[in-house]
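Undergrad: Contents are PDB, C-alpha atoms; file name my_file25.pdb:
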ATOM      1  CA  SER A 295      16.477  59.755 -21.172
ATOM      2  CA  LEU A 296      15.991  56.772 -18.889
ATOM      3  CA  VAL A 297      12.615  58.064 -17.718
ATOM      4  CA  ALA A 298      11.414  58.558 -21.305
ATOM      5  CA  THR A 299      12.426  54.986 -22.117
ATOM      6  CA  PHE A 300      10.575  53.658 -19.081
ATOM      7  CA  GLU A 301       7.485  55.650 -20.021
ATOM      8  CA  ALA A 302       7.636  54.266 -23.561
ATOM      9  CA  LEU A 303       7.651  50.766 -22.027
ATOM     10  CA  GLY A 304       4.451  51.531 -20.131
ATOM     11  CA  TYR A 305       5.850  52.651 -16.770
ATOM     12  CA  ARG A 306       4.548  55.648 -14.849
ATOM     13  CA  ARG A 307       6.466  57.978 -12.582
ATOM     14  CA  ASN A 308       5.406  57.748  -8.965
ATOM     15  CA  PRO A 309       3.683  61.064  -8.106
ATOM     16  CA  TYR A 310       5.184  61.010  -4.604
ATOM     17  CA  ASP A 311       8.779  60.191  -5.588
ATOM     18  CA  LYS A 312       9.921  61.038  -9.092
ATOM     19  CA  CYS A 313      12.878  58.625  -8.886
ATOM     20  CA  ILE A 314      10.475  55.644  -8.838
ATOM     21  CA  VAL A 315       8.718  54.316 -11.935
ATOM     22  CA  MET A 316       5.886  51.790 -11.716
ATOM     23  CA  LEU A 317       4.485  49.309 -14.217
ATOM     24  CA  PRO A 318       0.693  49.289 -13.697
ATOM     25  CA  PRO A 319      -1.084  45.935 -13.298
ATOM     26  CA  ALA A 320      -2.472  44.308 -16.424
ATOM     27  CA  ASP A 321      -5.943  44.194 -14.866
ATOM     28  CA  SER A 322      -7.248  47.704 -14.214
ATOM     29  CA  GLY A 323      -9.084  46.373 -11.169
ATOM     30  CA  ASP A 324      -5.904  45.024  -9.574
ATOM     31  CA  TYR A 325      -4.130  47.118  -6.933
ATOM     32  CA  ILE A 326      -0.722  45.395  -7.158
ATOM     33  CA  ASN A 327       1.774  46.881  -9.622
ATOM     34  CA  ALA A 328       3.516  44.550 -12.054
ATOM     35  CA  GLY A 329       6.890  46.030 -11.160
ATOM     36  CA  HIS A 330       8.936  48.971  -9.910
ATOM     37  CA  ALA A 331      12.287  50.525 -10.699
ATOM     38  CA  LEU A 332      14.183  52.979  -8.504
ATOM     39  CA  ILE A 333      16.667  55.221 -10.331
ATOM     40  CA  GLU A 334      19.512  56.236  -8.014
ATOM     41  CA  VAL A 335      22.025  58.366  -9.978
ATOM     42  CA  ASP A 336      23.636  55.663 -12.180
ATOM     43  CA  ASP A 337      22.159  52.663 -10.330
ATOM     44  CA  ILE A 338      18.789  50.986 -10.906
ATOM     45  CA  PHE A 339      17.098  48.837  -8.276
ATOM     46  CA  GLU A 340      14.138  46.973  -9.763
ATOM     47  CA  GLY A 341      11.846  44.007  -9.307
ATOM     48  CA  GLY A 342       8.498  42.628 -10.389
ATOM     49  CA  ASP A 343       6.546  39.873 -12.115
ATOM     50  CA  LYS A 344       6.902  38.287 -15.570
ATOM     51  CA  LYS A 345       5.421  41.317 -17.330
ATOM     52  CA  HIS A 346       7.977  43.537 -15.605
ATOM     53  CA  ARG A 347      10.815  41.157 -16.484
ATOM     54  CA  SER A 348       9.783  41.218 -20.135
ATOM     55  CA  GLN A 349       9.760  45.022 -20.242
ATOM     56  CA  MET A 350      13.044  45.289 -18.344
ATOM     57  CA  GLN A 351      14.700  42.974 -20.855
ATOM     58  CA  LYS A 352      13.790  45.483 -23.561
ATOM     59  CA  PHE A 353      15.312  48.199 -21.384
ATOM     60  CA  TYR A 354      18.561  46.225 -20.940
ATOM     61  CA  ASP A 355      18.698  45.513 -24.668
ATOM     62  CA  LYS A 356      18.795  49.270 -25.240
ATOM     63  CA  TYR A 357      21.066  50.238 -22.349
ATOM     64  CA  LYS A 358      24.144  48.099 -21.757
ATOM     65  CA  CYS A 359      24.738  48.176 -18.016
ATOM     66  CA  GLY A 360      28.178  47.536 -16.549
ATOM     67  CA  LYS A 361      26.755  44.794 -14.366
ATOM     68  CA  CYS A 362      23.352  43.342 -13.626
ATOM     69  CA  LYS A 363      22.881  41.335 -10.443
ATOM     70  CA  LYS A 364      19.989  39.349  -9.054
ATOM     71  CA  LEU A 365      20.224  40.208  -5.383
ATOM     72  CA  ILE A 366      18.781  36.990  -3.992
ATOM     73  CA  ASP A 367      21.442  34.937  -5.826
ATOM     74  CA  LEU A 368      24.358  36.868  -4.305
ATOM     75  CA  GLY A 369      24.038  35.222  -0.908
ATOM     76  CA  ASP A 370      25.777  36.774   2.084
ATOM     77  CA  GLU A 371      27.904  39.015  -0.123
ATOM     78  CA  GLY A 372      24.966  41.056  -1.390
ATOM     79  CA  THR A 373      25.921  44.219  -3.227
ATOM     80  CA  LEU A 374      27.244  47.642  -2.292
ATOM     81  CA  ILE A 375      25.075  50.637  -3.210
ATOM     82  CA  SER A 376      26.296  54.114  -2.214
ATOM     83  CA  GLY A 377      28.134  52.776   0.803
ATOM     84  CA  ILE A 378      25.247  50.509   1.850
ATOM     85  CA  ARG A 379      25.691  46.721   1.805
ATOM     86  CA  VAL A 380      22.323  45.262   0.754
ATOM     87  CA  LYS A 381      21.441  41.554   0.931
ATOM     88  CA  GLN A 382      18.333  39.552   0.107
ATOM     89  CA  HIS A 383      17.898  36.194   1.783
ATOM     90  CA  LYS A 384      16.177  33.015   0.632
ATOM     91  CA  ASP A 385      13.126  33.826   2.759
ATOM     92  CA  PHE A 386      12.854  37.100   0.757
ATOM     93  CA  THR A 387      13.805  39.292   3.716
ATOM     94  CA  PHE A 388      16.430  42.001   3.226
ATOM     95  CA  THR A 389      19.206  43.242   5.482
ATOM     96  CA  TRP A 390      21.464  46.228   5.008
ATOM     97  CA  HIS A 391      24.351  47.808   6.865
ATOM     98  CA  MET A 392      27.092  50.413   6.437
ATOM     99  CA  ASP A 393      29.968  48.724   8.285
ATOM    100  CA  GLU A 394      32.356  49.103   5.341
ATOM    101  CA  TYR A 395      31.581  52.781   4.937
ATOM    102  CA  ILE A 396      32.327  53.343   8.618
ATOM    103  CA  LYS A 397      35.581  51.401   8.422
ATOM    104  CA  ASN A 398      36.854  53.023   5.233
ATOM    105  CA  SER A 399      35.516  56.582   5.384
ATOM    106  CA  LEU A 400      34.965  57.647   8.980
ATOM    107  CA  LYS A 401      37.894  59.070  10.979
ATOM    108  CA  LEU A 402      38.294  61.038  14.187
ATOM    109  CA  ILE A 403      39.149  64.729  13.920
ATOM    110  CA  ASP A 404      42.730  64.952  15.151
ATOM    111  CA  VAL A 405      43.804  68.148  16.910
ATOM    112  CA  PRO A 406      46.917  68.875  19.042
ATOM    113  CA  ARG A 407      46.786  68.088  22.721
ATOM    114  CA  GLY A 408      45.328  70.982  24.697
ATOM    115  CA  TYR A 409      43.633  72.486  21.639
ATOM    116  CA  LEU A 410      40.104  71.991  22.956
ATOM    117  CA  SER A 411      40.804  73.607  26.333
ATOM    118  CA  LYS A 412      42.754  76.577  24.953
ATOM    119  CA  THR A 413      40.569  77.429  21.956
ATOM    120  CA  THR A 414      37.405  79.509  22.122
ATOM    121  CA  MET A 415      36.651  79.549  18.376
ATOM    122  CA  ILE A 416      37.984  77.050  15.821
ATOM    123  CA  ASP A 417      39.624  78.286  12.635
ATOM    124  CA  ASP A 418      38.401  77.720   9.073
ATOM    125  CA  TRP A 419      40.682  74.706   8.493
ATOM    126  CA  VAL A 420      39.395  72.814  11.516
ATOM    127  CA  MET A 421      35.855  73.933  10.711
ATOM    128  CA  SER A 422      36.176  72.366   7.252
ATOM    129  CA  GLN A 423      37.118  69.072   8.932
ATOM    130  CA  VAL A 424      34.075  69.352  11.212
ATOM    131  CA  VAL A 425      31.753  69.944   8.249
ATOM    132  CA  SER A 426      33.320  67.060   6.300
ATOM    133  CA  CYS A 427      33.126  64.676   9.258
ATOM    134  CA  ASN A 428      29.544  65.633  10.069
ATOM    135  CA  GLY A 429      28.604  65.213   6.410
ATOM    136  CA  LYS A 430      29.691  61.571   6.658
ATOM    137  CA  ILE A 431      27.865  61.210   9.981
ATOM    138  CA  GLY A 432      24.776  62.608   8.246
ATOM    139  CA  TRP A 433      25.091  60.114   5.388
ATOM    140  CA  LEU A 434      25.246  57.323   7.937
ATOM    141  CA  GLY A 435      22.446  58.789  10.036
ATOM    142  CA  GLY A 436      20.151  59.070   7.027
ATOM    143  CA  ASN A 437      20.831  55.722   5.355
ATOM    144  CA  GLY A 438      21.699  52.999   7.828
ATOM    145  CA  ARG A 439      22.454  54.277  11.315
ATOM    146  CA  PRO A 440      19.397  55.942  12.885
ATOM    147  CA  ASP A 441      21.294  56.276  16.161
ATOM    148  CA  LEU A 442      23.511  58.935  14.546
ATOM    149  CA  ALA A 443      20.736  61.037  13.008
ATOM    150  CA  ALA A 444      20.177  63.226  16.085
ATOM    151  CA  GLY A 445      23.905  63.817  16.577
ATOM    152  CA  HIS A 446      24.279  64.985  12.988
ATOM    153  CA  SER A 447      21.305  67.341  13.307
ATOM    154  CA  ILE A 448      22.535  68.867  16.573
ATOM    155  CA  ILE A 449      26.105  69.353  15.312
ATOM    156  CA  ALA A 450      24.901  71.027  12.088
ATOM    157  CA  GLY A 451      22.769  73.411  14.142
ATOM    158  CA  GLN A 452      25.859  74.647  16.010
ATOM    159  CA  TYR A 453      28.099  75.454  13.008
ATOM    160  CA  LYS A 454      27.588  79.181  13.450
ATOM    161  CA  ASP A 455      29.179  79.117  16.931
ATOM    162  CA  LYS A 456      32.464  77.561  15.719
ATOM    163  CA  SER A 457      32.886  76.176  19.212
ATOM    164  CA  PRO A 458      35.599  73.552  19.898
ATOM    165  CA  GLN A 459      32.738  71.470  21.288
ATOM    166  CA  LEU A 460      31.921  70.663  17.650
ATOM    167  CA  ILE A 461      35.121  68.590  17.482
ATOM    168  CA  SER A 462      34.186  66.646  20.616
ATOM    169  CA  ASP A 463      30.641  66.056  19.367
ATOM    170  CA  CYS A 464      31.842  64.809  15.954
ATOM    171  CA  ASN A 465      34.381  62.500  17.557
ATOM    172  CA  GLN A 466      31.745  61.156  19.944
ATOM    173  CA  CYS A 467      29.523  60.239  16.977
ATOM    174  CA  VAL A 468      32.472  58.635  15.161
ATOM    175  CA  LYS A 469      33.331  56.541  18.235
ATOM    176  CA  GLN A 470      29.685  55.511  18.583
ATOM    177  CA  ALA A 471      29.567  54.451  14.924
ATOM    178  CA  MET A 472      32.755  52.410  15.241
ATOM    179  CA  ALA A 473      31.811  50.794  18.554
ATOM    180  CA  ASN A 474      28.395  49.521  17.449
ATOM    181  CA  GLN A 475      27.166  47.573  14.443
ATOM    182  CA  TYR A 476      23.610  47.874  13.158
ATOM    183  CA  HIS A 477      22.201  45.527  10.529
ATOM    184  CA  LEU A 478      18.663  46.610   9.656
ATOM    185  CA  LYS A 479      16.152  43.995   8.520
ATOM    186  CA  ILE A 480      13.228  44.318   6.128
ATOM    187  CA  TRP A 481      10.723  41.532   6.667
ATOM    188  CA  SER A 482       8.846  39.818   3.859
ATOM    189  CA  ILE A 483       5.183  40.660   4.479
ATOM    190  CA  ALA A 484       2.282  39.744   2.180
ATOM    191  CA  LEU A 485       0.804  42.863   0.587
ATOM    192  CA  ASP A 486      -2.663  42.252   2.000
ATOM    193  CA  GLN A 487      -1.119  42.038   5.478
ATOM    194  CA  ILE A 488       0.818  45.326   5.325
ATOM    195  CA  ARG A 489       0.166  47.782   8.138
ATOM    196  CA  TYR A 490       1.910  51.075   8.895
ATOM    197  CA  VAL A 491       3.214  51.991  12.327
ATOM    198  CA  LEU A 492       4.773  55.235  13.564
ATOM    199  CA  PHE A 493       7.052  55.699  16.572
ATOM    200  CA  VAL A 494       7.624  59.296  17.715
ATOM    201  CA  ASP A 495       9.565  61.021  20.459
ATOM    202  CA  SER A 496      10.806  64.485  21.288
ATOM    203  CA  GLY A 497      13.132  66.306  23.651
ATOM    204  CA  PHE A 498      11.969  69.463  25.431
ATOM    205  CA  ASP A 499      14.634  72.104  26.004
ATOM    206  CA  GLN A 500      13.892  73.993  29.232
ATOM    207  CA  SER A 501      15.828  76.997  27.901
ATOM    208  CA  GLY A 502      13.607  77.057  24.812
ATOM    209  CA  ILE A 503      16.579  77.188  22.435
ATOM    210  CA  ARG A 504      16.419  73.789  20.750
ATOM    211  CA  HIS A 505      13.620  71.247  20.992
ATOM    212  CA  GLN A 506      14.519  68.001  19.206
ATOM    213  CA  GLN A 507      11.966  65.744  17.548
ATOM    214  CA  GLY A 508      12.244  62.408  15.806
ATOM    215  CA  TRP A 509      10.228  59.513  14.434
ATOM    216  CA  PHE A 510      10.384  56.123  12.734
ATOM    217  CA  VAL A 511       7.977  55.196   9.927
ATOM    218  CA  CYS A 512       7.721  51.402   9.779
ATOM    219  CA  PHE A 513       5.933  48.513   8.108
ATOM    220  CA  THR A 514       4.398  45.687  10.119
ATOM    221  CA  ASN A 515       1.508  43.230   9.712
ATOM    222  CA  LYS A 516      -1.902  42.700  11.271
ATOM    223  CA  SER A 517      -0.399  40.781  14.180
ATOM    224  CA  LEU A 518       0.256  44.171  15.760
ATOM    225  CA  ASN A 519      -3.483  44.940  15.563
ATOM    226  CA  ASP A 520      -4.180  41.611  17.243
ATOM    227  CA  HIS A 521      -1.760  42.407  20.121
ATOM    228  CA  LEU A 522       0.629  39.661  19.029
ATOM    229  CA  ARG A 523       4.383  39.655  18.420
ATOM    230  CA  ALA A 524       4.812  41.320  15.028
ATOM    231  CA  PRO A 525       7.684  41.957  12.592
ATOM    232  CA  VAL A 526       8.636  45.624  12.242
ATOM    233  CA  SER A 527      10.625  46.953   9.268
ATOM    234  CA  ILE A 528      12.012  50.476   9.470
ATOM    235  CA  CYS A 529      11.150  52.372   6.295
ATOM    236  CA  LYS A 530      12.478  55.852   7.080
ATOM    237  CA  TRP A 531      13.406  58.001  10.037
ATOM    238  CA  THR A 532      13.914  61.652  10.882
ATOM    239  CA  SER A 533      15.629  63.547  13.700
ATOM    240  CA  ARG A 534      15.609  67.327  13.573
ATOM    241  CA  LYS A 535      15.212  70.562  15.456
ATOM    242  CA  LEU A 536      11.583  71.477  16.026
ATOM    243  CA  PRO A 537      10.968  74.304  13.507
ATOM    244  CA  LYS A 538       8.334  75.928  15.737
ATOM    245  CA  LYS A 539       8.265  77.393  19.219
ATOM    246  CA  ALA A 540       6.654  75.290  21.938
ATOM    247  CA  GLY A 541       6.018  76.135  25.555
ATOM    248  CA  SER A 542       5.502  72.663  26.994
ATOM    249  CA  PRO A 543       6.720  69.052  26.592
ATOM    250  CA  GLN A 544       3.196  68.032  25.553
ATOM    251  CA  LEU A 545       3.186  70.518  22.677
ATOM    252  CA  VAL A 546       6.602  69.359  21.507
ATOM    253  CA  GLU A 547       5.304  65.774  21.496
ATOM    254  CA  THR A 548       2.196  66.856  19.592
ATOM    255  CA  TYR A 549       4.249  68.577  16.892
ATOM    256  CA  ALA A 550       6.434  65.475  16.547
ATOM    257  CA  ALA A 551       3.395  63.206  16.229
ATOM    258  CA  SER A 552       1.797  65.510  13.644
ATOM    259  CA  ALA A 553       4.930  65.676  11.465
ATOM    260  CA  GLY A 554       5.507  61.925  11.821
ATOM    261  CA  ALA A 555       1.909  61.171  10.822
ATOM    262  CA  ALA A 556       2.316  63.342   7.713
ATOM    263  CA  ASP A 557       5.495  61.446   6.831
ATOM    264  CA  THR A 558       3.684  58.128   7.321
ATOM    265  CA  ASN A 559       0.881  59.264   5.043
ATOM    266  CA  TRP A 560       3.436  60.200   2.365
ATOM    267  CA  VAL A 561       5.008  56.713   2.615
ATOM    268  CA  MET A 562       1.576  55.086   2.371
ATOM    269  CA  CYS A 563       0.641  57.144  -0.707
ATOM    270  CA  MET A 564       3.971  56.387  -2.385
ATOM    271  CA  PHE A 565       3.795  52.677  -1.575
ATOM    272  CA  GLU A 566       0.191  52.185  -2.688
ATOM    273  CA  SER A 567       0.340  54.271  -5.892
ATOM    274  CA  THR A 568      -0.534  52.421  -9.105
TER     275      THR A 568
END
Please render this file's structure as structure tokens.
TA:
Amino acid sequence: SLVATFEALGYRRNPYDKCIVMLPPADSGDYINAGHALIEVDDIFEGGDKKHRSQMQKFYDKYKCGKCKKLIDLGDEGTLISGIRVKQHKDFTFTWHMDEYIKNSLKLIDVPRGYLSKTTMIDDWVMSQVVSCNGKIGWLGGNGRPDLAAGHSIIAGQYKDKSPQLISDCNQCVKQAMANQYHLKIWSIALDQIRYVLFVDSGFDQSGIRHQQGWFVCFTNKSLNDHLRAPVSICKWTSRKLPKKAGSPQLVETYAASAGAADTNWVMCMFEST
């Protein structure tokens, strides 16, 4: 298997994400890995120093890939990975967006005029369109459009009701995706300058039915500690229904902060593993 080949070349599987393999530094006292490779179904995203390049050449000699691209040489075109357009710029920053996925895959749910006002429960055919549409909204919300993550979560939580409101909510998310473009940027930050920052928020439902919580786990540098303007790169984000009961806005916020801090710790452990 691919993993067995990587392990034979001296790579180790990341204990916090089994899809990542790491090439340990040559010096046991060094904390910077020689290279990484991310295995994503039939795609490999990798990078590292000369030792890593040497080992990866052995890998490519064994496995003939359909194409092998050096991202920084592709310019503004970048490459498309699972619906995500990824680019690396000459200053080593990255940007990614999902504009093409939105244009080619996302469509409004079309129902006859008057359907929403006359229907109390949607049928299985329309429900299948809702699930399909929200699946695409979820893919966007989890990979390149954080603004859609909450909408996807809320819609999925209302499947059991089969309310015609599901159609309106899906179409609202589709319109939002089409009306706005987001290009996320990953800044180039020296490893000894890396800092982690967490942004959390929550929504308290007065009826107690659904409290929503969300957070961003980000990378920045020590400028933030010095109260200066600092680059912020979004690493991952979550928006979900609070899985516990809470009787006050403060408790909902506390739960969100606790879960977000745990997520940040997981990112830190994964990132700093050798």
Undergrad: Hey, could you make a per-residue contact list for range 470-492 of chain A against range 432-451 of chain A with 12 Å as the cut-off, showing the nearest pair of atoms and its distance in Å to one decimal, counting all atoms listed in the file, sorted by chain and number, as a tab-separated table?
TA:
residue	atom	partner	partner_atom	distance
A:Gln470	CA	A:Leu442	CA	8.1
A:Ala471	CA	A:Leu442	CA	7.5
A:Met472	CA	A:Arg439	CA	11.2
A:Asn474	CA	A:Arg439	CA	9.8
A:Gln475	CA	A:Arg439	CA	8.8
A:Tyr476	CA	A:Arg439	CA	6.8
A:His477	CA	A:Gly438	CA	8.0
A:Leu478	CA	A:Gly438	CA	7.3
A:Lys479	CA	A:Gly438	CA	10.6
Undergrad: Applying the PyMOL selection byres ((chain A and resi 347) around 12) to the file I just gave you, which residues come out? Please list them as a PyMOL selection string.
TA: chain A and resi 303+317+328-331+340-346+348-354+364
Undergrad: Give as a ChimeraX atom specification the residues that the PyMOL selection byres ((chain A and resi 401-410) around 10) matches when applied to the coordinates above.
TA: /A:396-400,411-416,420,423-424,426-427,430,457-462,464-469,472
Undergrad: One decimal, Å: what's the distance from CA of Val335 in chain A over to CA of Ala553 in chain A, could you say?
TA: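 We find that CA of Val335 in chain A and CA of Ala553 in chain A lie 28.4 Å from each other.
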Undergrad: Extract, using only C-alpha atoms, all DNA, RNA and protein residues at most 10 Å from Ile483 in chain A, discarding same-chain residues fewer than 6 positions from it, and format them as a PyMOL selection string.
TA: chain A and resi 386-387+489+513-515+525-527
Undergrad: Please report, as AutoDock Vina command-line options, the centre and edge lengths in Å to one decimal of an axis-aligned box covering all listed atoms of range 443-455 of chain A with 6 Å per side.
TA:
--center_x 24.7 --center_y 70.1 --center_z 14.5 --size_x 21.0 --size_y 30.1 --size_z 16.8
Undergrad: Suppose you want the space between CA of Pro537 in chain A and CA of Asn428 in chain A; what is it in Å?
TA: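 CA of Asn428 in chain A lies at a distance of 20.8 Å from CA of Pro537 in chain A.
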Undergrad: What's the separation between CA of Ile338 in chain A and CA of Cys313 in chain A, in Å to one decimal place?
TA: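 Result for CA of Ile338 in chain A versus CA of Cys313 in chain A: 9.9 Å, one decimal.
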